[in-house]
Amino acid sequence: MAQTRFDLAVIGGGPAGYVAAARAARLGGKVALVERDGLGGTCLNRGCIPTKTLIHGASVLAAVSGAAAWGVSCGGRPVMDLAALLARKDQVVAGLAQGVSRLLAAAGVTVFSGLGQVPAPETVTVSGPGGQERLSARNILLCLGARPTLPPIPGLDLPGVVTSDALLDASDVPDTLAVIGGGVIGMEFACLFASLGSAVTVIEAAERILPMVDEELQKRLIPLWKRQGVTVVRGAAVSGIVPRGDMLAVRHAGRGGETETVCRKVLAAVGRRPAPVDGIVALPGLVREGPFVAVDAGMRTSIPGVFAAGDLTPGPMLAHVASAEGMVAAANAMGGNEEMDYEAIPACIYTVPEIAGVGLTEEQAAGRGLAVAVGRATYGANGRAQTLGEPVGLVKLVADAADGRILGAHLFGAQASELVAEAALAVRNRLTVRQLAATVHSHPSLSETLAEAARSLLGEQSHAA
Ligand code: NAI
């Protein structure tokens, strides 16, 4: 067993791990990365990238279906070839996975395939098909990620009940789909399958779906989704699933007592939990925070020389947060002193239409005792939205009433996931409403909605809804 001394050994090659490994190597470190599955982690292999490819495919179908409105004749009803869409998704994933490999090679990171474990201080073992290898590392970074949780609901093991991993490779589009859980995964898959032709019922235990989304946006979105074929049932905890002929009956508590939704397929999207560290890290003294590994702002765990980043640690379970944390951990492992800042994290939900937000919502700002002023702009009054045939959308800008500082922006509508980047820059850099309004935005563009929301706060709105 050969022994190599590394400055940093990273366990887990997802968005936290591979970004951290590349950064530490570029800072001059000798870096090892251990991954037992595909490089890119959940985001690339089973999450962000495959789902967004499928969602784009469904939007192409919708665009072609509506092409006549633009004078384009397609000759008959367009149909989705699901196998071809899945092949396209696999191609996108494979291309990006090769990109991650090339990036790591170019940075000089040594990649090991197999299960990484920490049996002793400054030691990482890699158990792969060819046996076990032992690495010596001055610093260790744990980026083990998260996995879907399945609560003890009877019937979750029935055929036809799946998690999002399985639905990514579905061989057909069910005529009816029940989604347990109105979180991000549940709502994205609900809109995806509705776009592909399923009648979808989302069953959510809490009184609110997507708790992080501004309440006013939610109220507007639920009727839109209903028209698309997504029915949202709230305040309804699922208690069990039973076979009903060749269908499945999902039992849930309703306002009027127990009721059931009968469907062809069930997606369980009831949350994700950090991967277990027991069995991976044998060092004593690793402090936890609930199911997470506790870290300080520099992503240091309670054990000197051991860092953690990504879904394993508290904080939003988002790929871009994982990468930002990984970069902080890498810099600190290489002798730096960086800290994570969670104040301006954009979050995007790829429903139809897209939802995005950054910073505080009106409710959150009020919860902190801040006096806020809210500016609004609609897509209906935006020229670019009309040229795109996307007149449905709303932008809300939340500002500190005392000094005009932008505290948050929350929006839904076409390309909301792109528009939120400008708002993130504003929140991160403590810009004011006046500075945003005074920034010239190109015309016609959807970005004008942000400037318009800022002007509405100043009482200078130029395009009323
Ligand atoms: P989640 O925690 O966001 O939502 C799960 C929902 O299931 C909750 O609203 C919960 O109340 C509900 N639930 C639990 N048990 C239930 C029951 N018995 N009956 C009915 N409802 C029940 O988890 P989700 O959607 O699985 O997402 C996991 C993580 O992945 C999130 O942290 C999310 O941020 C991340 N993610 C991010 C994406 C993005 O940024 N676009 C895309 C997909 C996932």
# chains A, B, ... in the order shown; residues from 1 in each chain; ligands from 1
call {"tool": "residues_near_ligand", "arguments": {"ligand": "ligand 1", "cutoff": "6 Å", "atoms": "only C-alpha atoms and all ligand atoms", "output": "number ranges by chain"}}
result
A: 180-186, 203-206, 209, 236-238, 269-272, 317-318, 347-350
call {"tool": "select_by_dssp", "arguments": {"residues": "stretch 105-175 of chain A", "states": "strand (DSSP E or B)", "output": "PDB file with N, CA, C and O atoms, in the first residue's frame"}}
result
ATOM      1  N   THR A 110      -5.599  14.816  -7.943  1.00  0.00           N
ATOM      2  CA  THR A 110      -5.570  13.365  -8.146  1.00  0.00           C
ATOM      3  C   THR A 110      -6.913  12.792  -7.723  1.00  0.00           C
ATOM      4  O   THR A 110      -7.320  12.961  -6.568  1.00  0.00           O
ATOM      5  N   VAL A 111      -7.611  12.147  -8.655  1.00  0.00           N
ATOM      6  CA  VAL A 111      -8.951  11.622  -8.359  1.00  0.00           C
ATOM      7  C   VAL A 111      -8.855  10.119  -8.061  1.00  0.00           C
ATOM      8  O   VAL A 111      -8.229   9.370  -8.812  1.00  0.00           O
ATOM      9  N   PHE A 112      -9.464   9.708  -6.958  1.00  0.00           N
ATOM     10  CA  PHE A 112      -9.504   8.301  -6.572  1.00  0.00           C
ATOM     11  C   PHE A 112     -10.953   7.823  -6.640  1.00  0.00           C
ATOM     12  O   PHE A 112     -11.853   8.509  -6.145  1.00  0.00           O
ATOM     13  N   SER A 113     -11.184   6.628  -7.237  1.00  0.00           N
ATOM     14  CA  SER A 113     -12.540   6.075  -7.321  1.00  0.00           C
ATOM     15  C   SER A 113     -12.737   5.065  -6.217  1.00  0.00           C
ATOM     16  O   SER A 113     -11.961   4.099  -6.114  1.00  0.00           O
ATOM     17  N   LEU A 115     -14.876   4.239  -2.101  1.00  0.00           N
ATOM     18  CA  LEU A 115     -15.468   4.782  -0.872  1.00  0.00           C
ATOM     19  C   LEU A 115     -14.372   5.397  -0.019  1.00  0.00           C
ATOM     20  O   LEU A 115     -13.402   4.714   0.338  1.00  0.00           O
ATOM     21  N   GLY A 116     -14.519   6.666   0.309  1.00  0.00           N
ATOM     22  CA  GLY A 116     -13.538   7.331   1.155  1.00  0.00           C
ATOM     23  C   GLY A 116     -13.942   7.244   2.618  1.00  0.00           C
ATOM     24  O   GLY A 116     -15.115   7.429   2.951  1.00  0.00           O
ATOM     25  N   GLN A 117     -12.994   6.930   3.473  1.00  0.00           N
ATOM     26  CA  GLN A 117     -13.257   6.879   4.920  1.00  0.00           C
ATOM     27  C   GLN A 117     -12.100   7.520   5.672  1.00  0.00           C
ATOM     28  O   GLN A 117     -10.985   7.610   5.141  1.00  0.00           O
ATOM     29  N   VAL A 118     -12.405   7.952   6.899  1.00  0.00           N
ATOM     30  CA  VAL A 118     -11.370   8.587   7.718  1.00  0.00           C
ATOM     31  C   VAL A 118     -11.192   7.721   8.968  1.00  0.00           C
ATOM     32  O   VAL A 118     -11.877   7.928   9.972  1.00  0.00           O
ATOM     33  N   PRO A 119     -10.290   6.736   8.938  1.00  0.00           N
ATOM     34  CA  PRO A 119     -10.159   5.817  10.073  1.00  0.00           C
ATOM     35  C   PRO A 119      -9.301   6.369  11.205  1.00  0.00           C
ATOM     36  O   PRO A 119      -9.405   5.898  12.340  1.00  0.00           O
ATOM     37  N   ALA A 120      -8.470   7.368  10.905  1.00  0.00           N
ATOM     38  CA  ALA A 120      -7.535   7.889  11.902  1.00  0.00           C
ATOM     39  C   ALA A 120      -7.185   9.321  11.513  1.00  0.00           C
ATOM     40  O   ALA A 120      -7.408   9.722  10.369  1.00  0.00           O
ATOM     41  N   THR A 123      -5.750  10.724   7.949  1.00  0.00           N
ATOM     42  CA  THR A 123      -5.710   9.513   7.129  1.00  0.00           C
ATOM     43  C   THR A 123      -7.031   9.315   6.399  1.00  0.00           C
ATOM     44  O   THR A 123      -8.100   9.413   7.014  1.00  0.00           O
ATOM     45  N   VAL A 124      -6.930   9.038   5.109  1.00  0.00           N
ATOM     46  CA  VAL A 124      -8.130   8.707   4.327  1.00  0.00           C
ATOM     47  C   VAL A 124      -7.864   7.391   3.610  1.00  0.00           C
ATOM     48  O   VAL A 124      -6.803   7.216   2.983  1.00  0.00           O
ATOM     49  N   THR A 125      -8.800   6.463   3.726  1.00  0.00           N
ATOM     50  CA  THR A 125      -8.664   5.229   2.941  1.00  0.00           C
ATOM     51  C   THR A 125      -9.664   5.280   1.789  1.00  0.00           C
ATOM     52  O   THR A 125     -10.734   5.869   1.899  1.00  0.00           O
ATOM     53  N   VAL A 126      -9.272   4.658   0.686  1.00  0.00           N
ATOM     54  CA  VAL A 126     -10.152   4.579  -0.482  1.00  0.00           C
ATOM     55  C   VAL A 126     -10.359   3.103  -0.795  1.00  0.00           C
ATOM     56  O   VAL A 126      -9.402   2.391  -1.093  1.00  0.00           O
ATOM     57  N   SER A 127     -11.611   2.646  -0.648  1.00  0.00           N
ATOM     58  CA  SER A 127     -11.890   1.236  -0.951  1.00  0.00           C
ATOM     59  C   SER A 127     -12.588   1.174  -2.301  1.00  0.00           C
ATOM     60  O   SER A 127     -13.741   1.591  -2.444  1.00  0.00           O
ATOM     61  N   GLY A 128     -11.894   0.693  -3.285  1.00  0.00           N
ATOM     62  CA  GLY A 128     -12.437   0.603  -4.641  1.00  0.00           C
ATOM     63  C   GLY A 128     -12.404  -0.814  -5.135  1.00  0.00           C
ATOM     64  O   GLY A 128     -12.040  -1.730  -4.386  1.00  0.00           O
ATOM     65  N   GLY A 131      -9.168  -2.827  -4.537  1.00  0.00           N
ATOM     66  CA  GLY A 131      -8.623  -2.982  -3.184  1.00  0.00           C
ATOM     67  C   GLY A 131      -8.620  -1.663  -2.451  1.00  0.00           C
ATOM     68  O   GLY A 131      -9.338  -0.737  -2.828  1.00  0.00           O
ATOM     69  N   GLN A 132      -7.804  -1.596  -1.393  1.00  0.00           N
ATOM     70  CA  GLN A 132      -7.812  -0.397  -0.558  1.00  0.00           C
ATOM     71  C   GLN A 132      -6.502   0.371  -0.663  1.00  0.00           C
ATOM     72  O   GLN A 132      -5.428  -0.225  -0.711  1.00  0.00           O
ATOM     73  N   GLU A 133      -6.624   1.686  -0.711  1.00  0.00           N
ATOM     74  CA  GLU A 133      -5.459   2.555  -0.763  1.00  0.00           C
ATOM     75  C   GLU A 133      -5.520   3.473   0.456  1.00  0.00           C
ATOM     76  O   GLU A 133      -6.612   3.848   0.898  1.00  0.00           O
ATOM     77  N   ARG A 134      -4.346   3.828   0.996  1.00  0.00           N
ATOM     78  CA  ARG A 134      -4.310   4.668   2.193  1.00  0.00           C
ATOM     79  C   ARG A 134      -3.604   5.972   1.863  1.00  0.00           C
ATOM     80  O   ARG A 134      -2.483   5.962   1.344  1.00  0.00           O
ATOM     81  N   LEU A 135      -4.291   7.100   2.118  1.00  0.00           N
ATOM     82  CA  LEU A 135      -3.707   8.400   1.824  1.00  0.00           C
ATOM     83  C   LEU A 135      -3.420   9.123   3.134  1.00  0.00           C
ATOM     84  O   LEU A 135      -4.180   8.990   4.089  1.00  0.00           O
ATOM     85  N   SER A 136      -2.365   9.902   3.126  1.00  0.00           N
ATOM     86  CA  SER A 136      -2.085  10.735   4.283  1.00  0.00           C
ATOM     87  C   SER A 136      -2.390  12.181   3.879  1.00  0.00           C
ATOM     88  O   SER A 136      -1.995  12.613   2.795  1.00  0.00           O
ATOM     89  N   ALA A 137      -3.145  12.903   4.706  1.00  0.00           N
ATOM     90  CA  ALA A 137      -3.552  14.255   4.320  1.00  0.00           C
ATOM     91  C   ALA A 137      -3.490  15.184   5.519  1.00  0.00           C
ATOM     92  O   ALA A 137      -3.991  14.854   6.591  1.00  0.00           O
ATOM     93  N   ARG A 138      -2.861  16.353   5.304  1.00  0.00           N
ATOM     94  CA  ARG A 138      -2.753  17.369   6.353  1.00  0.00           C
ATOM     95  C   ARG A 138      -4.139  17.889   6.737  1.00  0.00           C
ATOM     96  O   ARG A 138      -4.435  18.146   7.876  1.00  0.00           O
ATOM     97  N   ASN A 139      -5.017  18.024   5.724  1.00  0.00           N
ATOM     98  CA  ASN A 139      -6.398  18.474   5.945  1.00  0.00           C
ATOM     99  C   ASN A 139      -7.365  17.553   5.213  1.00  0.00           C
ATOM    100  O   ASN A 139      -7.016  16.994   4.159  1.00  0.00           O
ATOM    101  N   ILE A 140      -8.569  17.426   5.781  1.00  0.00           N
ATOM    102  CA  ILE A 140      -9.596  16.582   5.163  1.00  0.00           C
ATOM    103  C   ILE A 140     -10.872  17.413   5.027  1.00  0.00           C
ATOM    104  O   ILE A 140     -11.230  18.156   5.954  1.00  0.00           O
ATOM    105  N   LEU A 141     -11.517  17.309   3.880  1.00  0.00           N
ATOM    106  CA  LEU A 141     -12.779  18.038   3.664  1.00  0.00           C
ATOM    107  C   LEU A 141     -13.885  17.030   3.350  1.00  0.00           C
ATOM    108  O   LEU A 141     -13.767  16.255   2.392  1.00  0.00           O
ATOM    109  N   LEU A 142     -14.920  17.046   4.184  1.00  0.00           N
ATOM    110  CA  LEU A 142     -16.043  16.112   4.009  1.00  0.00           C
ATOM    111  C   LEU A 142     -17.137  16.785   3.183  1.00  0.00           C
ATOM    112  O   LEU A 142     -17.692  17.806   3.598  1.00  0.00           O
ATOM    113  N   ALA A 146     -26.264  14.751   0.482  1.00  0.00           N
ATOM    114  CA  ALA A 146     -27.525  14.363   1.133  1.00  0.00           C
ATOM    115  C   ALA A 146     -28.219  13.325   0.263  1.00  0.00           C
ATOM    116  O   ALA A 146     -27.822  13.087  -0.880  1.00  0.00           O
ATOM    117  N   ARG A 147     -29.216  12.696   0.829  1.00  0.00           N
ATOM    118  CA  ARG A 147     -29.981  11.700   0.064  1.00  0.00           C
ATOM    119  C   ARG A 147     -31.469  11.840   0.402  1.00  0.00           C
ATOM    120  O   ARG A 147     -31.807  12.404   1.453  1.00  0.00           O
ATOM    121  N   PRO A 148     -32.349  11.336  -0.484  1.00  0.00           N
ATOM    122  CA  PRO A 148     -33.780  11.489  -0.186  1.00  0.00           C
ATOM    123  C   PRO A 148     -34.145  10.765   1.103  1.00  0.00           C
ATOM    124  O   PRO A 148     -33.580   9.705   1.408  1.00  0.00           O
ATOM    125  N   VAL A 161     -44.476   3.565  -6.760  1.00  0.00           N
ATOM    126  CA  VAL A 161     -44.131   4.666  -5.855  1.00  0.00           C
ATOM    127  C   VAL A 161     -42.626   4.899  -6.003  1.00  0.00           C
ATOM    128  O   VAL A 161     -41.828   3.974  -5.798  1.00  0.00           O
ATOM    129  N   VAL A 162     -42.239   6.103  -6.375  1.00  0.00           N
ATOM    130  CA  VAL A 162     -40.837   6.348  -6.714  1.00  0.00           C
ATOM    131  C   VAL A 162     -40.322   7.619  -6.045  1.00  0.00           C
ATOM    132  O   VAL A 162     -41.098   8.468  -5.605  1.00  0.00           O
TER     133      VAL A 162
END
call {"tool": "closest_residue", "arguments": {"among": "A:Gly17, A:Pro129, A:Pro274, A:Pro121", "to": "A:Ala294", "atoms": "only C-alpha atoms"}}
result
A:Pro274
call {"tool": "atom_distance", "arguments": {"atom1": "atom CA of A:Asp175", "atom2": "atom CA of A:Gln218"}}
result
25.9 Å
call {"tool": "residues_around", "arguments": {"residues": "A:Thr301", "least_positions_apart": "4", "cutoff": "10 Å", "atoms": "only C-alpha atoms", "output": "list in words"}}
result
Leu141, Leu142, Gly285, Leu286, Val287, Arg288, Val293, Ala294, Val295, Asp296, Ala297, Gly305, Val306, Phe307, Ala308, Ala309 and Thr313 of chain A
call {"tool": "select_by_dssp", "arguments": {"residues": "stretch 130-291 of chain A", "states": "helix (DSSP H, G or I)", "output": "ChimeraX atom specification"}}
result
/A:164-167,184-196,215-228
call {"tool": "write_last_selection", "arguments": {"atoms": "N, CA and C atoms", "output": "tab-separated table (two decimals), in the first residue's frame"}}
result
chain	number	residue	atom	x	y	z
A	164	SER	N	-37.50	10.96	-6.78
A	164	SER	CA	-37.17	11.74	-7.99
A	164	SER	C	-36.08	11.04	-8.80
A	165	ASP	N	-35.18	10.30	-8.14
A	165	ASP	CA	-34.12	9.60	-8.88
A	165	ASP	C	-34.72	8.70	-9.95
A	166	ALA	N	-35.74	7.91	-9.56
A	166	ALA	CA	-36.34	6.96	-10.51
A	166	ALA	C	-37.15	7.69	-11.58
A	167	LEU	N	-37.79	8.78	-11.19
A	167	LEU	CA	-38.66	9.49	-12.14
A	167	LEU	C	-37.84	10.16	-13.25
A	184	VAL	N	-39.51	21.94	-3.04
A	184	VAL	CA	-38.92	22.32	-4.33
A	184	VAL	C	-38.98	21.15	-5.32
A	185	ILE	N	-38.55	19.98	-4.86
A	185	ILE	CA	-38.53	18.82	-5.77
A	185	ILE	C	-39.95	18.49	-6.20
A	186	GLY	N	-40.87	18.45	-5.24
A	186	GLY	CA	-42.26	18.12	-5.55
A	186	GLY	C	-42.86	19.05	-6.59
A	187	MET	N	-42.67	20.37	-6.41
A	187	MET	CA	-43.30	21.33	-7.32
A	187	MET	C	-42.62	21.33	-8.69
A	188	GLU	N	-41.30	21.15	-8.72
A	188	GLU	CA	-40.63	21.11	-10.04
A	188	GLU	C	-41.10	19.90	-10.84
A	189	PHE	N	-41.16	18.75	-10.19
A	189	PHE	CA	-41.61	17.54	-10.91
A	189	PHE	C	-43.08	17.62	-11.27
A	190	ALA	N	-43.88	18.26	-10.40
A	190	ALA	CA	-45.31	18.41	-10.70
A	190	ALA	C	-45.48	19.20	-12.00
A	191	CYS	N	-44.77	20.33	-12.11
A	191	CYS	CA	-44.89	21.16	-13.33
A	191	CYS	C	-44.32	20.43	-14.54
A	192	LEU	N	-43.21	19.71	-14.34
A	192	LEU	CA	-42.62	18.97	-15.46
A	192	LEU	C	-43.62	17.95	-16.01
A	193	PHE	N	-44.18	17.13	-15.13
A	193	PHE	CA	-45.07	16.06	-15.63
A	193	PHE	C	-46.40	16.63	-16.13
A	194	ALA	N	-46.85	17.75	-15.56
A	194	ALA	CA	-48.06	18.39	-16.12
A	194	ALA	C	-47.76	18.88	-17.53
A	195	SER	N	-46.57	19.42	-17.76
A	195	SER	CA	-46.20	19.88	-19.11
A	195	SER	C	-46.14	18.71	-20.09
A	196	LEU	N	-45.82	17.54	-19.57
A	196	LEU	CA	-45.73	16.36	-20.45
A	196	LEU	C	-47.09	15.67	-20.62
A	215	GLU	N	-45.35	34.93	0.19
A	215	GLU	CA	-46.74	34.48	0.24
A	215	GLU	C	-47.60	35.03	-0.92
A	216	GLU	N	-47.37	36.29	-1.27
A	216	GLU	CA	-48.15	36.90	-2.36
A	216	GLU	C	-47.88	36.17	-3.69
A	217	LEU	N	-46.61	35.80	-3.91
A	217	LEU	CA	-46.27	35.07	-5.14
A	217	LEU	C	-47.01	33.73	-5.15
A	218	GLN	N	-46.97	33.05	-4.01
A	218	GLN	CA	-47.64	31.74	-3.92
A	218	GLN	C	-49.11	31.83	-4.26
A	219	LYS	N	-49.75	32.86	-3.70
A	219	LYS	CA	-51.20	33.01	-3.91
A	219	LYS	C	-51.50	33.19	-5.38
A	220	ARG	N	-50.60	33.84	-6.10
A	220	ARG	CA	-50.83	34.03	-7.54
A	220	ARG	C	-50.50	32.78	-8.33
A	221	LEU	N	-49.54	32.01	-7.82
A	221	LEU	CA	-49.07	30.85	-8.60
A	221	LEU	C	-50.04	29.66	-8.53
A	222	ILE	N	-50.65	29.46	-7.39
A	222	ILE	CA	-51.48	28.25	-7.23
A	222	ILE	C	-52.60	28.18	-8.28
A	223	PRO	N	-53.33	29.26	-8.56
A	223	PRO	CA	-54.34	29.17	-9.63
A	223	PRO	C	-53.72	28.97	-11.02
A	224	LEU	N	-52.53	29.53	-11.24
A	224	LEU	CA	-51.86	29.31	-12.54
A	224	LEU	C	-51.55	27.83	-12.73
A	225	TRP	N	-51.03	27.23	-11.67
A	225	TRP	CA	-50.69	25.81	-11.74
A	225	TRP	C	-51.94	24.95	-11.95
A	226	LYS	N	-53.02	25.36	-11.30
A	226	LYS	CA	-54.28	24.61	-11.44
A	226	LYS	C	-54.67	24.55	-12.93
A	227	ARG	N	-54.51	25.69	-13.63
A	227	ARG	CA	-54.85	25.72	-15.06
A	227	ARG	C	-53.93	24.85	-15.89
A	228	GLN	N	-52.71	24.62	-15.38
A	228	GLN	CA	-51.75	23.77	-16.10
A	228	GLN	C	-51.98	22.29	-15.82
